[in-house]
$ cat input-v1.cif   # mmCIF, C-alpha atoms
data_my_file
#
loop_
_atom_site.label_atom_id
_atom_site.label_comp_id
_atom_site.auth_asym_id
_atom_site.auth_seq_id
_atom_site.Cartn_x
_atom_site.Cartn_y
_atom_site.Cartn_z
CA MET D 1 -14.19 -20.98 15.98
CA ARG D 2 -16.48 -17.98 16.21
CA VAL D 3 -14.81 -15.05 14.43
CA ALA D 4 -15.53 -11.33 14.33
CA MET D 5 -13.81 -9.43 11.54
CA PHE D 6 -12.61 -5.85 11.19
CA GLY D 7 -11.74 -5.20 7.55
CA TYR D 8 -11.87 -2.80 4.63
CA GLN D 9 -11.43 -2.62 0.85
CA THR D 10 -10.33 -5.55 -1.29
CA TRP D 11 -7.93 -6.88 1.36
CA GLY D 12 -10.80 -7.15 3.83
CA HIS D 13 -13.13 -8.54 1.17
CA ARG D 14 -10.67 -11.31 0.25
CA THR D 15 -10.10 -12.14 3.93
CA LEU D 16 -13.81 -12.27 4.71
CA GLN D 17 -14.44 -14.55 1.72
CA ALA D 18 -11.76 -16.94 3.00
CA LEU D 19 -13.37 -16.96 6.44
CA LEU D 20 -16.82 -17.60 4.97
CA ASP D 21 -15.39 -20.50 2.96
CA SER D 22 -13.67 -21.97 6.03
CA GLU D 23 -14.93 -24.05 8.93
CA HIS D 24 -15.17 -20.93 11.10
CA GLU D 25 -18.39 -19.04 11.90
CA VAL D 26 -18.29 -15.30 11.21
CA THR D 27 -20.54 -13.70 13.82
CA LEU D 28 -19.96 -9.96 13.16
CA VAL D 29 -18.24 -7.76 10.57
CA VAL D 30 -17.05 -4.22 11.26
CA THR D 31 -15.95 -2.09 8.31
CA HIS D 32 -15.35 1.55 7.41
CA PRO D 33 -17.82 3.70 5.46
CA LYS D 34 -16.85 4.41 1.85
CA SER D 35 -14.18 7.09 1.54
CA ASP D 36 -13.29 9.74 -1.05
CA HIS D 37 -9.57 9.49 -0.20
CA ALA D 38 -7.64 8.85 -3.43
CA TYR D 39 -5.99 5.69 -2.14
CA GLU D 40 -9.14 4.32 -0.49
CA LYS D 41 -11.13 4.45 -3.74
CA ILE D 42 -8.64 1.97 -5.21
CA TRP D 43 -9.21 -1.77 -4.65
CA ASP D 44 -12.52 -0.94 -2.96
CA ASP D 45 -14.47 -4.22 -3.04
CA SER D 46 -17.15 -3.82 -0.38
CA VAL D 47 -16.75 -5.83 2.82
CA ALA D 48 -20.21 -4.71 3.91
CA ASP D 49 -21.89 -6.00 0.73
CA LEU D 50 -20.18 -9.39 1.04
CA ALA D 51 -21.18 -9.74 4.69
CA GLU D 52 -24.78 -8.78 4.00
CA LYS D 53 -24.93 -11.25 1.10
CA HIS D 54 -24.12 -13.98 3.62
CA ASP D 55 -26.45 -12.64 6.33
CA VAL D 56 -23.60 -11.62 8.62
CA PRO D 57 -24.37 -8.57 10.81
CA VAL D 58 -22.41 -5.47 9.79
CA LEU D 59 -21.40 -2.32 11.67
CA LEU D 60 -19.95 0.75 9.92
CA ARG D 61 -17.37 2.67 11.94
CA ASN D 62 -14.56 5.12 11.28
CA ARG D 63 -13.20 4.42 14.76
CA PRO D 64 -14.10 1.37 16.84
CA ASP D 65 -14.21 3.10 20.20
CA ASP D 66 -17.89 3.40 21.17
CA ASP D 67 -19.87 1.49 23.79
CA GLU D 68 -22.44 0.22 21.28
CA LEU D 69 -19.74 -1.54 19.28
CA LEU D 70 -18.32 -3.09 22.42
CA GLU D 71 -21.75 -4.39 23.39
CA ARG D 72 -22.39 -5.80 19.89
CA LEU D 73 -19.05 -7.59 20.05
CA ARG D 74 -19.94 -9.10 23.40
CA GLU D 75 -23.22 -10.33 21.94
CA ALA D 76 -21.37 -11.80 18.94
CA ASP D 77 -19.17 -13.70 21.42
CA PRO D 78 -16.17 -14.30 19.15
CA ASP D 79 -13.34 -16.64 20.11
CA VAL D 80 -11.03 -14.44 18.06
CA ILE D 81 -11.08 -11.21 16.06
CA VAL D 82 -9.43 -10.99 12.64
CA ALA D 83 -8.37 -7.51 11.46
CA THR D 84 -7.34 -6.80 7.86
CA ASN D 85 -6.63 -3.34 6.42
CA TRP D 86 -8.32 -1.65 9.36
CA ARG D 87 -7.37 2.04 9.05
CA THR D 88 -7.70 3.38 12.61
CA TRP D 89 -6.55 2.40 16.09
CA ILE D 90 -8.37 -0.48 17.77
CA PRO D 91 -8.39 0.06 21.55
CA PRO D 92 -7.32 -2.68 24.00
CA ARG D 93 -10.84 -3.17 25.34
CA ILE D 94 -11.77 -4.33 21.82
CA PHE D 95 -8.74 -6.37 20.73
CA THR D 96 -8.43 -8.16 24.09
CA LEU D 97 -12.14 -9.00 24.33
CA PRO D 98 -12.02 -12.44 22.62
CA ARG D 99 -10.51 -15.24 24.68
CA LEU D 100 -7.92 -15.91 21.95
CA GLY D 101 -7.16 -12.26 21.17
CA THR D 102 -6.98 -10.52 17.79
CA LEU D 103 -5.10 -11.68 14.70
CA ASN D 104 -4.05 -8.77 12.51
CA VAL D 105 -3.04 -9.38 8.87
CA HIS D 106 -0.70 -6.72 7.48
CA ASP D 107 0.76 -6.42 3.98
CA SER D 108 4.44 -6.16 4.87
CA LEU D 109 7.16 -8.35 6.31
CA LEU D 110 7.04 -6.95 9.82
CA PRO D 111 8.75 -5.40 11.69
CA ALA D 112 9.62 -3.45 8.52
CA TYR D 113 6.99 -1.24 6.87
CA ALA D 114 4.48 -1.04 9.67
CA GLY D 115 1.74 1.52 9.11
CA PHE D 116 0.41 2.53 5.72
CA SER D 117 1.06 1.94 2.00
CA PRO D 118 3.80 -0.63 2.68
CA LEU D 119 3.96 -1.99 -0.87
CA ILE D 120 4.52 1.44 -2.39
CA TRP D 121 7.20 2.39 0.12
CA ALA D 122 8.92 -0.99 -0.22
CA LEU D 123 9.09 -0.70 -4.01
CA ILE D 124 10.41 2.87 -3.84
CA ASN D 125 13.12 1.65 -1.45
CA GLY D 126 14.23 -1.19 -3.71
CA GLU D 127 13.25 -4.12 -1.48
CA LYS D 128 13.85 -7.53 -3.04
CA GLU D 129 10.75 -9.12 -1.51
CA VAL D 130 7.46 -8.09 0.03
CA GLY D 131 4.84 -10.10 1.82
CA VAL D 132 2.15 -10.49 4.43
CA THR D 133 2.37 -10.94 8.20
CA ALA D 134 -0.27 -12.42 10.49
CA HIS D 135 0.45 -11.27 14.04
CA MET D 136 -1.28 -10.99 17.39
CA MET D 137 -2.44 -7.43 18.03
CA ASP D 138 -1.02 -5.58 21.02
CA ASP D 139 -0.87 -1.98 22.27
CA THR D 140 1.62 -0.85 19.59
CA LEU D 141 0.47 -0.64 15.99
CA ASP D 142 1.71 -3.59 13.89
CA ALA D 143 4.13 -4.66 16.62
CA GLY D 144 2.57 -7.86 18.00
CA ASP D 145 4.07 -11.34 18.02
CA ILE D 146 4.26 -12.96 14.57
CA VAL D 147 2.13 -16.05 13.92
CA LEU D 148 2.94 -16.49 10.22
CA GLN D 149 4.75 -14.66 7.42
CA ARG D 150 4.73 -15.30 3.68
CA SER D 151 6.68 -13.46 1.00
CA VAL D 152 6.85 -12.94 -2.76
CA PRO D 153 9.81 -11.65 -4.80
CA VAL D 154 9.85 -8.18 -6.33
CA GLY D 155 10.57 -8.52 -10.05
CA PRO D 156 13.06 -6.18 -11.75
CA ARG D 157 10.26 -4.19 -13.47
CA ALA D 158 7.50 -4.80 -10.94
CA THR D 159 4.88 -2.15 -10.24
CA THR D 160 2.91 -1.72 -7.05
CA THR D 161 -0.10 -3.05 -8.95
CA ASP D 162 1.83 -6.27 -9.64
CA LEU D 163 2.77 -6.54 -5.97
CA PHE D 164 -0.80 -5.88 -4.87
CA HIS D 165 -2.09 -8.84 -6.89
CA ALA D 166 0.76 -11.09 -5.74
CA THR D 167 0.30 -10.32 -2.04
CA LEU D 168 -3.52 -10.26 -2.17
CA ASP D 169 -3.46 -13.97 -2.96
CA LEU D 170 -1.73 -14.53 0.40
CA PHE D 171 -4.39 -12.90 2.58
CA GLY D 172 -7.01 -15.62 2.69
CA PRO D 173 -4.64 -18.57 3.17
CA ILE D 174 -2.48 -16.87 5.83
CA THR D 175 -5.61 -15.89 7.78
CA VAL D 176 -7.10 -19.39 7.77
CA ASP D 177 -3.74 -21.03 8.48
CA GLY D 178 -3.05 -18.55 11.29
CA LEU D 179 -6.41 -19.32 12.88
CA ALA D 180 -5.63 -23.03 12.70
CA LEU D 181 -2.42 -22.47 14.65
CA ILE D 182 -4.27 -20.39 17.25
CA ALA D 183 -7.01 -23.01 17.55
CA SER D 184 -4.37 -25.70 18.12
CA GLY D 185 -3.41 -24.02 21.37
CA ARG D 186 -0.04 -22.76 20.25
CA THR D 187 1.22 -19.54 21.79
CA ASP D 188 4.94 -19.74 20.94
CA TRP D 189 4.81 -16.86 18.50
CA VAL D 190 7.87 -14.98 17.25
CA LYS D 191 8.69 -11.69 18.98
CA GLN D 192 9.32 -8.80 16.60
CA ASP D 193 12.81 -7.34 16.68
CA ARG D 194 11.92 -3.71 17.37
CA SER D 195 15.45 -2.57 16.43
CA LYS D 196 14.49 -3.43 12.84
CA ALA D 197 11.09 -1.75 12.92
CA SER D 198 10.07 1.02 10.53
CA PHE D 199 6.75 2.87 10.41
CA PHE D 200 5.42 4.65 7.32
CA HIS D 201 2.67 7.23 6.83
CA LYS D 202 -0.21 7.28 4.34
CA ARG D 203 0.61 8.39 0.82
CA ALA D 204 -0.54 11.84 -0.24
CA ASP D 205 -0.21 14.01 -3.34
CA GLU D 206 3.06 15.49 -2.08
CA ASP D 207 4.58 12.01 -1.95
CA CYS D 208 4.04 11.61 -5.71
CA ARG D 209 5.91 14.80 -6.61
CA ILE D 210 9.18 14.07 -8.43
CA ASP D 211 12.40 15.49 -6.99
CA TRP D 212 14.92 15.48 -9.83
CA ASN D 213 17.73 15.43 -7.27
CA TRP D 214 16.90 11.77 -6.67
CA PRO D 215 19.04 9.28 -8.64
CA ALA D 216 17.40 7.91 -11.77
CA GLU D 217 17.19 4.43 -10.24
CA ASP D 218 15.09 5.81 -7.38
CA LEU D 219 12.89 7.83 -9.74
CA ASP D 220 12.31 4.75 -11.90
CA ARG D 221 11.06 2.90 -8.82
CA LEU D 222 8.88 5.88 -7.79
CA VAL D 223 7.17 5.87 -11.19
CA ARG D 224 6.60 2.11 -10.99
CA ALA D 225 5.39 2.44 -7.40
CA GLN D 226 2.82 5.03 -8.48
CA SER D 227 1.49 2.83 -11.28
CA GLN D 228 -2.12 2.89 -12.41
CA PRO D 229 -4.62 2.80 -10.76
CA TYR D 230 -2.56 4.69 -8.13
CA PRO D 231 -2.06 8.44 -8.68
CA SER D 232 0.93 8.88 -10.99
CA ALA D 233 4.24 10.48 -10.10
CA TYR D 234 4.30 14.03 -11.44
CA THR D 235 6.45 17.03 -12.21
CA TYR D 236 5.87 20.47 -13.78
CA HIS D 237 6.63 21.65 -17.30
CA HIS D 238 6.12 25.28 -18.27
CA GLY D 239 4.21 25.69 -14.99
CA ARG D 240 1.70 22.92 -15.72
CA ARG D 241 1.43 19.57 -14.01
CA LEU D 242 2.80 16.66 -16.05
CA GLU D 243 2.35 13.06 -14.91
CA ILE D 244 5.07 10.55 -15.68
CA VAL D 245 3.16 7.40 -16.56
CA THR D 246 6.08 5.13 -17.47
CA ALA D 247 9.85 5.54 -17.36
CA GLU D 248 13.09 3.63 -16.93
CA VAL D 249 16.75 4.32 -16.32
CA SER D 250 18.47 5.72 -19.41
CA ALA D 251 21.01 3.70 -21.34
CA ASN D 252 23.46 6.61 -21.43
CA VAL D 253 25.07 8.81 -18.78
CA TYR D 254 24.16 12.50 -18.72
CA GLY D 255 25.68 15.48 -16.96
CA GLY D 256 24.22 18.85 -16.07
CA THR D 257 21.40 20.22 -13.95
CA PRO D 258 18.73 17.90 -12.50
CA GLY D 259 15.45 18.20 -14.41
CA ARG D 260 17.00 19.23 -17.72
CA ILE D 261 15.10 17.83 -20.74
CA PHE D 262 18.17 16.58 -22.52
CA TYR D 263 18.17 13.88 -25.17
CA ARG D 264 16.09 11.46 -27.26
CA GLU D 265 17.39 7.92 -26.89
CA GLY D 266 16.25 6.67 -30.27
CA ASP D 267 12.56 5.78 -30.20
CA ALA D 268 12.67 4.66 -26.56
CA GLY D 269 11.97 7.96 -24.85
CA VAL D 270 13.39 11.27 -23.65
CA ALA D 271 16.18 11.39 -21.08
CA ILE D 272 15.91 13.80 -18.15
CA VAL D 273 19.01 14.65 -16.12
CA ALA D 274 18.72 13.28 -12.58
CA GLY D 275 20.64 13.12 -9.33
CA ALA D 276 21.95 15.79 -6.98
CA ASP D 277 25.50 15.26 -8.26
CA ALA D 278 24.56 15.17 -11.95
CA ARG D 279 26.98 18.03 -12.61
CA HIS D 280 29.84 15.51 -12.43
CA GLY D 281 28.54 13.69 -15.50
CA ARG D 282 28.52 10.21 -13.98
CA ASN D 283 24.74 9.66 -13.64
CA HIS D 284 22.20 7.90 -15.77
CA GLY D 285 19.10 9.93 -16.47
CA LEU D 286 15.43 9.03 -16.18
CA LEU D 287 14.21 7.93 -19.58
CA VAL D 288 10.59 9.10 -19.71
CA THR D 289 8.52 6.98 -22.08
CA ARG D 290 4.89 8.06 -21.53
CA VAL D 291 3.34 11.17 -19.97
CA ARG D 292 -0.12 12.50 -19.15
CA THR D 293 -0.93 16.21 -19.40
CA ASP D 294 -3.08 18.15 -16.97
CA ASP D 295 -6.12 17.71 -19.24
CA GLY D 296 -5.79 13.91 -19.05
CA THR D 297 -4.22 13.34 -22.46
CA GLU D 298 -1.67 10.50 -22.49
CA LEU D 299 1.18 10.68 -24.99
CA ALA D 300 4.46 9.02 -25.85
CA ALA D 301 7.26 11.17 -24.46
CA GLN D 302 8.69 11.73 -27.95
CA ASP D 303 5.35 13.18 -29.05
CA TYR D 304 5.02 15.44 -26.03
CA PHE D 305 8.59 16.78 -25.94
CA THR D 306 8.79 18.18 -29.48
CA SER D 307 12.17 19.84 -28.84
CA MET D 308 14.95 19.32 -26.35
CA GLY D 309 15.91 21.90 -23.74
CA GLY D 310 14.13 23.50 -20.82
CA TYR D 311 13.49 21.94 -17.44
CA LEU D 312 11.09 19.82 -15.50
CA THR D 313 10.59 21.30 -12.04
CA ASN D 314 8.96 20.37 -8.74
CA GLN D 315 6.94 23.60 -8.54
CA ALA D 316 4.44 25.20 -10.89
#
$ encode --input "input-v1.cif" --output "C-alpha cells"
Amino acid sequence: MRVAMFGYQTWGHRTLQALLDSEHEVTLVVTHPKSDHAYEKIWDDSVADLAEKHDVPVLLRNRPDDDELLERLREADPDVIVATNWRTWIPPRIFTLPRLGTLNVHDSLLPAYAGFSPLIWALINGEKEVGVTAHMMDDTLDAGDIVLQRSVPVGPRATTTDLFHATLDLFGPITVDGLALIASGRTDWVKQDRSKASFFHKRADEDCRIDWNWPAEDLDRLVRAQSQPYPSAYTYHHGRRLEIVTAEVSANVYGGTPGRIFYREGDAGVAIVAGADARHGRNHGLLVTRVRTDDGTELAAQDYFTSMGGYLTNQA
C-alpha cells in the first residue's frame, strides 16, 4: 500500500523505519520541527533525517491544518495514513482523505491513558501492564476503533525508561501487522468502551513536585516514573530545590509530620515521613537513596543529609 506518515521523536522514527523495511511504499512524511520542551528533547531521533536519507518527501508542521499540506497529501495519494506520536490535532479533512483512513499508534492500552505521557502516568498509578494500541482515527482524540493491542508487564521496580524501551519494540511490528489487517479488507474493529476512558495532560515541572502527603508507595512510583533522562521528582530543603534521583519504600513504619527528615535505615538511605495520615504512626516512609542538588551534584542520601531533623517541603 501507499502510506503517508505523521510522526515525531523516537516513536515516529522507529515506526517509519518499520514502514521503510516493509512491502509498503512511503510517499510522504509529516513531522514536527525540533522543540525545546523538556519532554520533547528526550528520545528525539529525527523522523525528518530518516525520511530524507531514504528520499521520502518531508513536511515540517506544528499543526497539520493548512491547504498546502492537504494538497501535498493529495499528490502523495496514500491508501492509508499512519500517525505515531503526533502531538497536535489532525483535522477530519486530513485523516479521512485516504481511502482506508488513518491508523494511529498510541503508547497505552486504550481506552485508558489517552492523551499525553501515558507511560509516566500509568507507572505513577501502579498499573500492572502497559502497552501499545493501533486504532483507526476518528473525531475524538485516541478514541477510534481498536485494530490491535499489545502489552508488556510492569516489573516491581520498573522505571518509565524501562517501559519506554519495552513498548518501543512494539511500535514497528504493531504498525506493519495493523496495516496487513487493513489491507486484507477487514473492518470488524473493536469499539472502545468509553465508560473506561481516561485522558491525561502533558507532564510539566509542577507534575514532578513531591507532595509529602502522598503515601510512600505512591512517591516511590513517582520517583521511578521520573527516572533519567526524564526530569527528576523534586522537593525543597532549606529553601533550595533538591531532586530525588532514587528512592524506595522504607522497611520501617514512621509516625509524625509528612516531609520530616527522620531516620537512617542502616546504609540504605534516609527515611522521610510520608502520607497525609502519618500522625497515626502506621505508614512506611520514603527511603531516599540518592539526591541531586540545585547545582547538579549527585550524592548518596546519607552523604547529603549529614544530620536528622528538619523538613522537606513543596515550596522554596
$ resolve_selection --input "input-v1.cif" --expression "the PyMOL selection byres ((chain D and resi 138) around 12)" --output "PDB file with C-alpha atoms, in the coordinates of the input"
ATOM      1  CA  TRP D  89      -6.550   2.400  16.090  1.00  0.00           C
ATOM      2  CA  ILE D  90      -8.370  -0.480  17.770  1.00  0.00           C
ATOM      3  CA  PRO D  91      -8.390   0.060  21.550  1.00  0.00           C
ATOM      4  CA  PRO D  92      -7.320  -2.680  24.000  1.00  0.00           C
ATOM      5  CA  ARG D  93     -10.840  -3.170  25.340  1.00  0.00           C
ATOM      6  CA  ILE D  94     -11.770  -4.330  21.820  1.00  0.00           C
ATOM      7  CA  PHE D  95      -8.740  -6.370  20.730  1.00  0.00           C
ATOM      8  CA  THR D  96      -8.430  -8.160  24.090  1.00  0.00           C
ATOM      9  CA  GLY D 101      -7.160 -12.260  21.170  1.00  0.00           C
ATOM     10  CA  THR D 102      -6.980 -10.520  17.790  1.00  0.00           C
ATOM     11  CA  LEU D 103      -5.100 -11.680  14.700  1.00  0.00           C
ATOM     12  CA  ASN D 104      -4.050  -8.770  12.510  1.00  0.00           C
ATOM     13  CA  HIS D 135       0.450 -11.270  14.040  1.00  0.00           C
ATOM     14  CA  MET D 136      -1.280 -10.990  17.390  1.00  0.00           C
ATOM     15  CA  MET D 137      -2.440  -7.430  18.030  1.00  0.00           C
ATOM     16  CA  ASP D 139      -0.870  -1.980  22.270  1.00  0.00           C
ATOM     17  CA  THR D 140       1.620  -0.850  19.590  1.00  0.00           C
ATOM     18  CA  LEU D 141       0.470  -0.640  15.990  1.00  0.00           C
ATOM     19  CA  ASP D 142       1.710  -3.590  13.890  1.00  0.00           C
ATOM     20  CA  ALA D 143       4.130  -4.660  16.620  1.00  0.00           C
ATOM     21  CA  GLY D 144       2.570  -7.860  18.000  1.00  0.00           C
ATOM     22  CA  ASP D 145       4.070 -11.340  18.020  1.00  0.00           C
ATOM     23  CA  ILE D 146       4.260 -12.960  14.570  1.00  0.00           C
ATOM     24  CA  LYS D 191       8.690 -11.690  18.980  1.00  0.00           C
ATOM     25  CA  GLN D 192       9.320  -8.800  16.600  1.00  0.00           C
TER      26      GLN D 192
END
$ closest_atom_pairs --input "input-v1.cif" --of "stretch 94-163 of chain D" --to "stretch 224-244 of chain D" --cutoff "10 Å" --atoms "all atoms listed in the file" --output "JSON lines"
{"residue": "D:Leu119", "atom": "CA", "partner": "D:Ala225", "partner_atom": "CA", "distance": 8.0}
{"residue": "D:Ile120", "atom": "CA", "partner": "D:Ala225", "partner_atom": "CA", "distance": 5.2}
{"residue": "D:Trp121", "atom": "CA", "partner": "D:Ala225", "partner_atom": "CA", "distance": 7.7}
{"residue": "D:Ala122", "atom": "CA", "partner": "D:Ala225", "partner_atom": "CA", "distance": 8.7}
{"residue": "D:Leu123", "atom": "CA", "partner": "D:Ala225", "partner_atom": "CA", "distance": 5.9}
{"residue": "D:Ile124", "atom": "CA", "partner": "D:Ala225", "partner_atom": "CA", "distance": 6.2}
{"residue": "D:Asn125", "atom": "CA", "partner": "D:Ala225", "partner_atom": "CA", "distance": 9.8}
{"residue": "D:Arg157", "atom": "CA", "partner": "D:Arg224", "partner_atom": "CA", "distance": 7.7}
{"residue": "D:Ala158", "atom": "CA", "partner": "D:Arg224", "partner_atom": "CA", "distance": 7.0}
{"residue": "D:Thr159", "atom": "CA", "partner": "D:Arg224", "partner_atom": "CA", "distance": 4.7}
{"residue": "D:Thr160", "atom": "CA", "partner": "D:Ala225", "partner_atom": "CA", "distance": 4.9}
{"residue": "D:Thr161", "atom": "CA", "partner": "D:Ser227", "partner_atom": "CA", "distance": 6.5}
{"residue": "D:Asp162", "atom": "CA", "partner": "D:Ser227", "partner_atom": "CA", "distance": 9.3}
{"residue": "D:Leu163", "atom": "CA", "partner": "D:Ala225", "partner_atom": "CA", "distance": 9.5}
$ resolve_selection --input "input-v1.cif" --expression "the PyMOL selection byres ((chain D and resi 200-212) around 10)" --output "VMD selection string"
chain D and resid 37 to 39 112 to 118 120 to 121 198 to 199 213 to 216 218 to 219 222 to 223 225 to 226 230 to 236 241 243 to 244 257 to 260 272 to 276 278 285 to 286 312 to 315
$ write_last_selection --input "input-v1.cif" --atoms "C-alpha atoms" --output "short mmCIF file (atom, residue, chain, number, x, y, z; two decimals), keeping the file's coordinate frame"
data_model
loop_
_atom_site.label_atom_id
_atom_site.label_comp_id
_atom_site.auth_asym_id
_atom_site.auth_seq_id
_atom_site.Cartn_x
_atom_site.Cartn_y
_atom_site.Cartn_z
CA HIS D 37 -9.57 9.49 -0.20
CA ALA D 38 -7.64 8.85 -3.43
CA TYR D 39 -5.99 5.69 -2.14
CA ALA D 112 9.62 -3.45 8.52
CA TYR D 113 6.99 -1.24 6.87
CA ALA D 114 4.48 -1.04 9.67
CA GLY D 115 1.74 1.52 9.11
CA PHE D 116 0.41 2.53 5.72
CA SER D 117 1.06 1.94 2.00
CA PRO D 118 3.80 -0.63 2.68
CA ILE D 120 4.52 1.44 -2.39
CA TRP D 121 7.20 2.39 0.12
CA SER D 198 10.07 1.02 10.53
CA PHE D 199 6.75 2.87 10.41
CA ASN D 213 17.73 15.43 -7.27
CA TRP D 214 16.90 11.77 -6.67
CA PRO D 215 19.04 9.28 -8.64
CA ALA D 216 17.40 7.91 -11.77
CA ASP D 218 15.09 5.81 -7.38
CA LEU D 219 12.89 7.83 -9.74
CA LEU D 222 8.88 5.88 -7.79
CA VAL D 223 7.17 5.87 -11.19
CA ALA D 225 5.39 2.44 -7.40
CA GLN D 226 2.82 5.03 -8.48
CA TYR D 230 -2.56 4.69 -8.13
CA PRO D 231 -2.06 8.44 -8.68
CA SER D 232 0.93 8.88 -10.99
CA ALA D 233 4.24 10.48 -10.10
CA TYR D 234 4.30 14.03 -11.44
CA THR D 235 6.45 17.03 -12.21
CA TYR D 236 5.87 20.47 -13.78
CA ARG D 241 1.43 19.57 -14.01
CA GLU D 243 2.35 13.06 -14.91
CA ILE D 244 5.07 10.55 -15.68
CA THR D 257 21.40 20.22 -13.95
CA PRO D 258 18.73 17.90 -12.50
CA GLY D 259 15.45 18.20 -14.41
CA ARG D 260 17.00 19.23 -17.72
CA ILE D 272 15.91 13.80 -18.15
CA VAL D 273 19.01 14.65 -16.12
CA ALA D 274 18.72 13.28 -12.58
CA GLY D 275 20.64 13.12 -9.33
CA ALA D 276 21.95 15.79 -6.98
CA ALA D 278 24.56 15.17 -11.95
CA GLY D 285 19.10 9.93 -16.47
CA LEU D 286 15.43 9.03 -16.18
CA LEU D 312 11.09 19.82 -15.50
CA THR D 313 10.59 21.30 -12.04
CA ASN D 314 8.96 20.37 -8.74
CA GLN D 315 6.94 23.60 -8.54
#
$ atom_distance --input "input-v1.cif" --atom1 "atom CA of D:Val291" --atom2 "atom CA of D:Tyr254"
20.9 Å
$ atom_distance --input "input-v1.cif" --atom1 "atom CA of D:Asp66" --atom2 "atom CA of D:Thr88"
13.3 Å
$ closest_residue --input "input-v1.cif" --among "D:Asn252, D:Arg61, D:Leu73, D:Arg14" --to "D:Thr167" --atoms "only C-alpha atoms"
D:Arg14
$ atom_distance --input "input-v1.cif" --atom1 "atom CA of D:Val105" --atom2 "atom CA of D:Thr84"
5.1 Å
$ residues_near_point --input "input-v1.cif" --point "(-23.3, -10.6, 7.7)" --cutoff "12 Å" --atoms "all atoms listed in the file" --output "PyMOL selection string"
chain D and resi 3-5+16-17+19-20+25-31+47-59+76
$ closest_residue --input "input-v1.cif" --among "D:Pro111, D:His13, D:Met1, D:Lys34" --to "D:Pro98" --atoms "all atoms listed in the file"
D:Met1
$ residues_around --input "input-v1.cif" --residues "D:His106" --least-positions-apart "6" --cutoff "7 Å" --atoms "only C-alpha atoms" --output "list in words"
Thr84, Asn85, Val132, Thr133 and Ala134 of chain D
$ residues_near_point --input "input-v1.cif" --point "(3.4, -16.9, 18.5)" --cutoff "6 Å" --atoms "only C-alpha atoms" --output "JSON, numbers by chain"
{"D": [145, 146, 147, 187, 188, 189, 190]}
$ resolve_selection --input "input-v1.cif" --expression "the PyMOL selection byres ((chain D and resi 166) around 10)" --output "PyMOL selection string"
chain D and resi 130-131+151-154+160-165+167-171
$ closest_residue --input "input-v1.cif" --among "D:Arg292, D:Met308, D:Asn283, D:Ala83" --to "D:Phe262" --atoms "all atoms listed in the file"
D:Met308
$ closest_residue --input "input-v1.cif" --among "D:Ala18, D:Ala316, D:Ile81, D:Leu110" --to "D:Lys196" --atoms "all atoms listed in the file"
D:Leu110
$ residues_around --input "input-v1.cif" --residues "D:Ala180" --least-positions-apart "3" --cutoff "12 Å" --atoms "only C-alpha atoms" --output "list in words"
Met1, Leu19, Ser22, Glu23, His24, Val80, Leu100, Leu103, Val147, Leu148, Pro173, Ile174, Thr175, Val176, Asp177, Ala183, Ser184, Gly185, Arg186 and Thr187 of chain D
$ residues_around --input "input-v1.cif" --residues "D:Arg282" --least-positions-apart "5" --cutoff "9 Å" --atoms "all atoms listed in the file" --output "CSV table (one decimal) with C-alpha atoms, keeping the file's coordinate frame"
chain,number,residue,atom,x,y,z
D,253,VAL,CA,25.1,8.8,-18.8
D,254,TYR,CA,24.2,12.5,-18.7
D,255,GLY,CA,25.7,15.5,-17.0
D,277,ASP,CA,25.5,15.3,-8.3
$ closest_residue --input "input-v1.cif" --among "D:Gly178, D:Thr10, D:Asp107, D:Arg264" --to "D:Asp45" --atoms "only C-alpha atoms"
D:Thr10
$ axis_aligned_box --input "input-v1.cif" --around "stretch 128-138 of chain D" --padding-each-side "8 Å" --output "lines of an AutoDock Vina configuration file"
center_x = 5.7
center_y = -9.0
center_z = 9.0
size_x = 32.3
size_y = 22.8
size_z = 40.1
$ decode --input "input-v1.cif" --residues "stretch 200-230 of chain D" --atoms "C-alpha atoms" --output "mmCIF file, in the first residue's frame"
data_model
loop_
_atom_site.group_PDB
_atom_site.id
_atom_site.type_symbol
_atom_site.label_atom_id
_atom_site.label_comp_id
_atom_site.auth_asym_id
_atom_site.auth_seq_id
_atom_site.Cartn_x
_atom_site.Cartn_y
_atom_site.Cartn_z
ATOM 1 C CA PHE D 200 -4.157 12.718 30.617
ATOM 2 C CA HIS D 201 -2.335 16.009 30.036
ATOM 3 C CA LYS D 202 1.317 16.644 29.163
ATOM 4 C CA ARG D 203 3.793 16.488 32.016
ATOM 5 C CA ALA D 204 5.203 19.763 33.295
ATOM 6 C CA ASP D 205 7.559 20.842 36.072
ATOM 7 C CA GLU D 206 4.682 21.110 38.557
ATOM 8 C CA ASP D 207 3.855 17.441 37.987
ATOM 9 C CA CYS D 208 7.328 16.452 39.254
ATOM 10 C CA ARG D 209 6.966 18.304 42.555
ATOM 11 C CA ILE D 210 6.745 15.916 45.517
ATOM 12 C CA ASP D 211 3.747 16.186 47.838
ATOM 13 C CA TRP D 212 4.762 14.506 51.088
ATOM 14 C CA ASN D 213 1.096 13.911 51.875
ATOM 15 C CA TRP D 214 1.153 11.144 49.264
ATOM 16 C CA PRO D 215 1.723 7.619 50.645
ATOM 17 C CA ALA D 216 5.289 6.358 50.348
ATOM 18 C CA GLU D 217 4.224 3.718 47.814
ATOM 19 C CA ASP D 218 2.914 6.449 45.506
ATOM 20 C CA LEU D 219 6.028 8.585 45.983
ATOM 21 C CA ASP D 220 8.248 5.599 45.192
ATOM 22 C CA ARG D 221 6.399 5.184 41.893
ATOM 23 C CA LEU D 222 6.618 8.935 41.171
ATOM 24 C CA VAL D 223 10.408 8.840 41.575
ATOM 25 C CA ARG D 224 10.665 5.790 39.308
ATOM 26 C CA ALA D 225 8.294 7.404 36.809
ATOM 27 C CA GLN D 226 10.515 10.487 36.658
ATOM 28 C CA SER D 227 13.651 8.435 36.030
ATOM 29 C CA GLN D 228 16.559 9.701 33.960
ATOM 30 C CA PRO D 229 16.528 11.014 31.265
ATOM 31 C CA TYR D 230 13.148 12.450 32.365
#
